[in-house]
Amino acid sequence: MASLQLSCTVLGTTAPKPSLLPNARRGRRFHVSCSGGQAEEGKVDRRNMLLGLGGMYGAANLVSDAKLAKAAPLLPPEFKSCGVAYVGEDPLDVNCCPPTSDVIKDYKLPPVHRLRVRRAAHRLNLANVAKYKRAVKMMRDLDVADPTDPRGFTQQANIHCAYCNGAHDQVGHEGLDIQVHFSWLFFPFHRWYLYFYERIMADLLKDPTFALPYWNWDHPKGMQLPWMFDEEDSSLYDPNRNQDRRPPAVLNLALNSTITDPAQIISNNLTLMYNEMIGTPASATDFMGKAYRDGDAPPTYPDGGTSEKGSHTAVHAWFGDPRNEYNEDIGNFYSAGRDPAFYSHHANVDRMWTIWNDIPADYQKAITDPDYLNASFLFYDEKKQLVRVKVADCFNHKKMGYEYENVDIPWVRSKPPRRAAAVNIQDLSKGVKTAEKVFPLKLRKTTRVLVAKPTVGKADNEVLVLENIVTDNRKLIKFDVFVNDEDDKPEEVDRAEYAGGFTQLPHRVKAKNSVSDLRLNLKQLYENINIADDDTVVVTIVPLINGEAVTIGGIKIVEAPSA
């Protein structure tokens, strides 16, 4: 490709490309003028520069200024500025930065002549398992032949580390991490990630029909680690997993290790899937995650969507290795990609996005905000070319060349059973303290609290808010929440009284602790518990994992703002 000469003046110095612009991140004043557009002193006209750069030098080389606009899409990172990754405030002795390139191309989806079919891992035949093993071995061989090859297994694993554990700063916002979890970018980023991972394997195999198998953990027959990942002499094996959860141990999405009855575990799993996919979301961002834009602080766990916070996080947590400090491999974002099972896990997460899109709902599912559509990321493709991709180009998975094998989806029939009669709130609340007398709460034990409602009885728009939740970012954390639960059976989350939970993987925030709010929609719960004409409810908070690392500042029920 012919080189592009863009003349820019920075502080009176002419440069062939805007390579000096990153200096602005260190607080320097500057003046920039470029062919095709001019910026005022101290600012960059990002719109004109993007047009002038075409596809040769990407947005990763530009400076954003939060003063230019009130909102803007998240830009891809500058690979040359990649730094240290962290867990909480602890720096990692791991270099997860990608190789750099001066050439960045805007990616265009190639024509699709035949759809690749992603099949359920537990239904895969021996020939396809052998093919998958061979593909991963070829990627591992690249690690040895050329550790800088972006197609290598370790380099592919490092993508997740760099985008999720603080190695990449937002362009123009030094010290402000890019975080691809806990927001509306979660599904698009991981879809693109798997897309290129799959295409790299297909190219190495010289088999354009190759497709990733998906770990069908939302079906009872898939609720254990697929056998192909548990063969110790295989390229798919990772010794850094919880050894107590090797097959035939049943996946427990509730993360409650006191449950031993497989039938109860499966019932819980199916109900949790129904809740996160159908019962709980009341808007597109409830499922997808909250908005995340250029200049925003990194989002935290409660900002994520119901699927990400639910089954996605539970699988990571359940199989992470407790023998390791941060539950490596799959139990921590920075190391998750080292486990080949991670990619099949996320193939099923991606499948959840496709299923949710087809489920009828009384809210609009399409997000049309330009800051969502135009958010972008950088990946290396199967030809080792660094490419820029946009969120807007990944909505139709079939246009990306793949589809999922059709299997039964039993959780669509797993709505929690409705209580025949409401509880007697006067009896249930005897001896239960009000919020003012309980909070702030160090979550060392199960706690009950009496919470006032803004309206009497059933309401379609009320939300339970646990506010100012302070957590140790280095810890795996889980607690559950129930409303008007008189049976006191926290191991059974397939009941009407289960409101939701909080699950945190060890992750990156620029401090030991983070502060967030947990919001739980109550519309379905009120219907399921057959709530009476009461103006209070009893909320039960049950710590399951590392409750001592959690402090909750307060609790309330509020009316959700109208859409």
# chains A, B, ... in the order shown; residues from 1 in each chain; ligands from 1
$ closest_atom_pairs --of "region 325-406 of chain A" --to "region 159-167 of chain A" --cutoff "7 Å" --atoms "only C-alpha atoms" --output "CSV"
residue,atom,partner,partner_atom,distance
A:Phe333,CA,A:Cys161,CA,6.2
A:Tyr334,CA,A:Cys161,CA,3.8
A:Ser335,CA,A:Cys161,CA,6.5
A:Gly337,CA,A:His160,CA,6.4
$ residues_around --residues "Thr540 (chain A)" --least-positions-apart "3" --cutoff "6 Å" --atoms "only C-alpha atoms" --output "list in words"
Thr447, Arg448, Val481 and Phe482 of chain A
$ residues_around --residues "Asp93 (chain A)" --least-positions-apart "3" --cutoff "9 Å" --atoms "only C-alpha atoms" --output "PyMOL selection string"
chain A and resi 84-86
$ atom_distance --atom1 "CA of Thr446 (chain A)" --atom2 "CA of Ile552 (chain A)"
12.8 Å
$ select_by_dssp --residues "region 104-224 of chain A" --states "strand (DSSP E)" --output "PyMOL selection string"
chain A and resi 105-106+116-118+169-170+173-177
$ residues_around --residues "Gly222 (chain A)" --least-positions-apart "5" --cutoff "10 Å" --atoms "only C-alpha atoms" --output "PyMOL selection string"
chain A and resi 120-123+214-217+250-251
$ write_last_selection --atoms "N, CA, C and O atoms" --output "mmCIF file, in the first residue's frame"
data_model
loop_
_atom_site.group_PDB
_atom_site.id
_atom_site.type_symbol
_atom_site.label_atom_id
_atom_site.label_comp_id
_atom_site.auth_asym_id
_atom_site.auth_seq_id
_atom_site.Cartn_x
_atom_site.Cartn_y
_atom_site.Cartn_z
ATOM 1 N N ALA A 120 -22.968 -27.584 19.377
ATOM 2 C CA ALA A 120 -22.858 -27.809 20.816
ATOM 3 C C ALA A 120 -21.704 -28.748 21.107
ATOM 4 O O ALA A 120 -21.578 -29.817 20.493
ATOM 5 N N ALA A 121 -20.845 -28.373 22.057
ATOM 6 C CA ALA A 121 -19.627 -29.138 22.317
ATOM 7 C C ALA A 121 -19.930 -30.564 22.752
ATOM 8 O O ALA A 121 -19.215 -31.495 22.358
ATOM 9 N N HIS A 122 -20.989 -30.751 23.533
ATOM 10 C CA HIS A 122 -21.267 -32.105 24.019
ATOM 11 C C HIS A 122 -21.836 -33.010 22.929
ATOM 12 O O HIS A 122 -21.946 -34.216 23.123
ATOM 13 N N ARG A 123 -22.194 -32.430 21.778
ATOM 14 C CA ARG A 123 -22.728 -33.204 20.657
ATOM 15 C C ARG A 123 -21.713 -33.354 19.526
ATOM 16 O O ARG A 123 -22.024 -33.955 18.501
ATOM 17 N N TYR A 214 -19.709 -24.509 20.695
ATOM 18 C CA TYR A 214 -20.162 -23.719 21.845
ATOM 19 C C TYR A 214 -20.473 -24.641 23.015
ATOM 20 O O TYR A 214 -20.965 -25.746 22.837
ATOM 21 N N TRP A 215 -20.149 -24.160 24.195
ATOM 22 C CA TRP A 215 -20.375 -24.911 25.426
ATOM 23 C C TRP A 215 -21.817 -24.672 25.856
ATOM 24 O O TRP A 215 -22.161 -23.624 26.380
ATOM 25 N N ASN A 216 -22.648 -25.651 25.652
ATOM 26 C CA ASN A 216 -24.103 -25.516 25.802
ATOM 27 C C ASN A 216 -24.519 -25.636 27.276
ATOM 28 O O ASN A 216 -25.380 -26.447 27.642
ATOM 29 N N TRP A 217 -23.954 -24.762 28.134
ATOM 30 C CA TRP A 217 -24.205 -24.853 29.576
ATOM 31 C C TRP A 217 -25.612 -24.432 29.993
ATOM 32 O O TRP A 217 -25.977 -24.565 31.165
ATOM 33 N N VAL A 250 -21.603 -31.147 38.092
ATOM 34 C CA VAL A 250 -22.613 -30.329 37.414
ATOM 35 C C VAL A 250 -22.338 -28.847 37.673
ATOM 36 O O VAL A 250 -22.110 -28.436 38.823
ATOM 37 N N LEU A 251 -22.334 -28.067 36.619
ATOM 38 C CA LEU A 251 -22.175 -26.615 36.722
ATOM 39 C C LEU A 251 -23.260 -26.031 37.613
ATOM 40 O O LEU A 251 -24.448 -26.316 37.446
#
$ residues_around --residues "Val463 (chain A)" --least-positions-apart "6" --cutoff "7 Å" --atoms "only C-alpha atoms" --output "ChimeraX atom specification"
/A:519-522,557-560
$ residues_around --residues "Glu231 (chain A)" --least-positions-apart "4" --cutoff "12 Å" --atoms "only C-alpha atoms" --output "number ranges by chain"
A: 129, 133, 225-227, 235-239, 246-247
$ write_last_selection --atoms "all heavy atoms" --output "JSON list (two decimals), in the first residue's frame"
[["chain", "number", "residue", "atom", "x", "y", "z"],
["A", 129, "VAL", "N", -13.90, -32.87, 16.98],
["A", 129, "VAL", "CA", -13.08, -32.65, 18.17],
["A", 129, "VAL", "C", -11.60, -32.69, 17.79],
["A", 129, "VAL", "O", -10.80, -31.84, 18.22],
["A", 129, "VAL", "CB", -13.39, -33.70, 19.25],
["A", 129, "VAL", "CG1", -12.37, -33.61, 20.39],
["A", 129, "VAL", "CG2", -14.80, -33.51, 19.80],
["A", 133, "LYS", "N", -8.78, -29.74, 18.28],
["A", 133, "LYS", "CA", -7.52, -29.96, 18.98],
["A", 133, "LYS", "C", -6.34, -29.57, 18.10],
["A", 133, "LYS", "O", -5.38, -28.93, 18.55],
["A", 133, "LYS", "CB", -7.39, -31.42, 19.38],
["A", 133, "LYS", "CG", -8.32, -31.88, 20.49],
["A", 133, "LYS", "CD", -8.11, -33.37, 20.75],
["A", 133, "LYS", "CE", -9.01, -33.88, 21.86],
["A", 133, "LYS", "NZ", -8.85, -35.34, 22.09],
["A", 225, "LEU", "N", -18.30, -29.48, 32.31],
["A", 225, "LEU", "CA", -17.21, -29.18, 31.39],
["A", 225, "LEU", "C", -17.20, -30.23, 30.29],
["A", 225, "LEU", "O", -17.15, -31.43, 30.56],
["A", 225, "LEU", "CB", -15.88, -29.21, 32.14],
["A", 225, "LEU", "CG", -14.64, -28.86, 31.33],
["A", 225, "LEU", "CD1", -14.64, -27.38, 30.97],
["A", 225, "LEU", "CD2", -13.37, -29.22, 32.10],
["A", 226, "PRO", "N", -17.27, -29.82, 29.01],
["A", 226, "PRO", "CA", -17.23, -30.79, 27.92],
["A", 226, "PRO", "C", -16.00, -31.68, 28.00],
["A", 226, "PRO", "O", -14.89, -31.21, 28.28],
["A", 226, "PRO", "CB", -17.22, -29.91, 26.66],
["A", 226, "PRO", "CG", -17.90, -28.64, 27.09],
["A", 226, "PRO", "CD", -17.46, -28.44, 28.50],
["A", 227, "TRP", "N", -16.18, -32.95, 27.73],
["A", 227, "TRP", "CA", -15.13, -33.94, 27.93],
["A", 227, "TRP", "C", -13.85, -33.63, 27.17],
["A", 227, "TRP", "O", -12.75, -33.95, 27.60],
["A", 227, "TRP", "CB", -15.64, -35.34, 27.56],
["A", 227, "TRP", "CG", -15.97, -35.49, 26.09],
["A", 227, "TRP", "CD1", -17.18, -35.30, 25.51],
["A", 227, "TRP", "CD2", -15.07, -35.87, 25.04],
["A", 227, "TRP", "NE1", -17.11, -35.52, 24.16],
["A", 227, "TRP", "CE2", -15.81, -35.88, 23.84],
["A", 227, "TRP", "CE3", -13.71, -36.20, 25.00],
["A", 227, "TRP", "CZ2", -15.26, -36.19, 22.61],
["A", 227, "TRP", "CZ3", -13.15, -36.52, 23.77],
["A", 227, "TRP", "CH2", -13.91, -36.50, 22.60],
["A", 235, "SER", "N", -4.31, -30.58, 23.58],
["A", 235, "SER", "CA", -4.04, -29.13, 23.48],
["A", 235, "SER", "C", -5.17, -28.31, 24.08],
["A", 235, "SER", "O", -5.00, -27.11, 24.32],
["A", 235, "SER", "CB", -3.85, -28.75, 22.01],
["A", 235, "SER", "OG", -5.04, -28.97, 21.26],
["A", 236, "LEU", "N", -6.32, -28.93, 24.33],
["A", 236, "LEU", "CA", -7.47, -28.22, 24.90],
["A", 236, "LEU", "C", -7.48, -28.23, 26.42],
["A", 236, "LEU", "O", -8.35, -27.61, 27.03],
["A", 236, "LEU", "CB", -8.77, -28.84, 24.38],
["A", 236, "LEU", "CG", -8.96, -28.91, 22.88],
["A", 236, "LEU", "CD1", -10.31, -29.53, 22.54],
["A", 236, "LEU", "CD2", -8.84, -27.53, 22.25],
["A", 237, "TYR", "N", -6.52, -28.92, 27.02],
["A", 237, "TYR", "CA", -6.52, -29.05, 28.48],
["A", 237, "TYR", "C", -5.81, -27.87, 29.13],
["A", 237, "TYR", "O", -4.81, -27.35, 28.62],
["A", 237, "TYR", "CB", -5.82, -30.34, 28.89],
["A", 237, "TYR", "CG", -5.83, -30.60, 30.38],
["A", 237, "TYR", "CD1", -7.01, -30.98, 31.02],
["A", 237, "TYR", "CD2", -4.68, -30.44, 31.15],
["A", 237, "TYR", "CE1", -7.03, -31.21, 32.39],
["A", 237, "TYR", "CE2", -4.70, -30.67, 32.52],
["A", 237, "TYR", "CZ", -5.88, -31.05, 33.13],
["A", 237, "TYR", "OH", -5.90, -31.28, 34.49],
["A", 238, "ASP", "N", -6.35, -27.43, 30.27],
["A", 238, "ASP", "CA", -5.72, -26.40, 31.08],
["A", 238, "ASP", "C", -5.70, -26.89, 32.52],
["A", 238, "ASP", "O", -6.76, -27.11, 33.11],
["A", 238, "ASP", "CB", -6.50, -25.08, 30.98],
["A", 238, "ASP", "CG", -5.84, -23.94, 31.74],
["A", 238, "ASP", "OD1", -4.87, -24.18, 32.47],
["A", 238, "ASP", "OD2", -6.31, -22.79, 31.61],
["A", 239, "PRO", "N", -4.53, -27.08, 33.11],
["A", 239, "PRO", "CA", -4.48, -27.59, 34.49],
["A", 239, "PRO", "C", -4.97, -26.57, 35.52],
["A", 239, "PRO", "O", -5.28, -26.95, 36.66],
["A", 239, "PRO", "CB", -2.99, -27.90, 34.69],
["A", 239, "PRO", "CG", -2.28, -27.02, 33.73],
["A", 239, "PRO", "CD", -3.19, -26.90, 32.54],
["A", 246, "ARG", "N", -14.26, -30.93, 37.71],
["A", 246, "ARG", "CA", -14.06, -31.69, 36.49],
["A", 246, "ARG", "C", -15.26, -32.61, 36.28],
["A", 246, "ARG", "O", -16.01, -32.91, 37.21],
["A", 246, "ARG", "CB", -12.76, -32.48, 36.59],
["A", 246, "ARG", "CG", -11.52, -31.61, 36.74],
["A", 246, "ARG", "CD", -10.25, -32.40, 36.94],
["A", 246, "ARG", "NE", -9.86, -33.12, 35.72],
["A", 246, "ARG", "CZ", -8.68, -33.71, 35.57],
["A", 246, "ARG", "NH1", -7.79, -33.67, 36.55],
["A", 246, "ARG", "NH2", -8.39, -34.36, 34.44],
["A", 247, "PRO", "N", -15.52, -33.02, 35.05],
["A", 247, "PRO", "CA", -16.65, -33.92, 34.78],
["A", 247, "PRO", "C", -16.57, -35.16, 35.67],
["A", 247, "PRO", "O", -15.48, -35.65, 35.96],
["A", 247, "PRO", "CB", -16.47, -34.28, 33.30],
["A", 247, "PRO", "CG", -15.60, -33.21, 32.74],
["A", 247, "PRO", "CD", -14.72, -32.75, 33.84]]
$ closest_residue --among "A:Pro440, A:Pro188, A:Pro98, A:Gly295" --to "Val171 (chain A)" --atoms "only C-alpha atoms"
A:Gly295
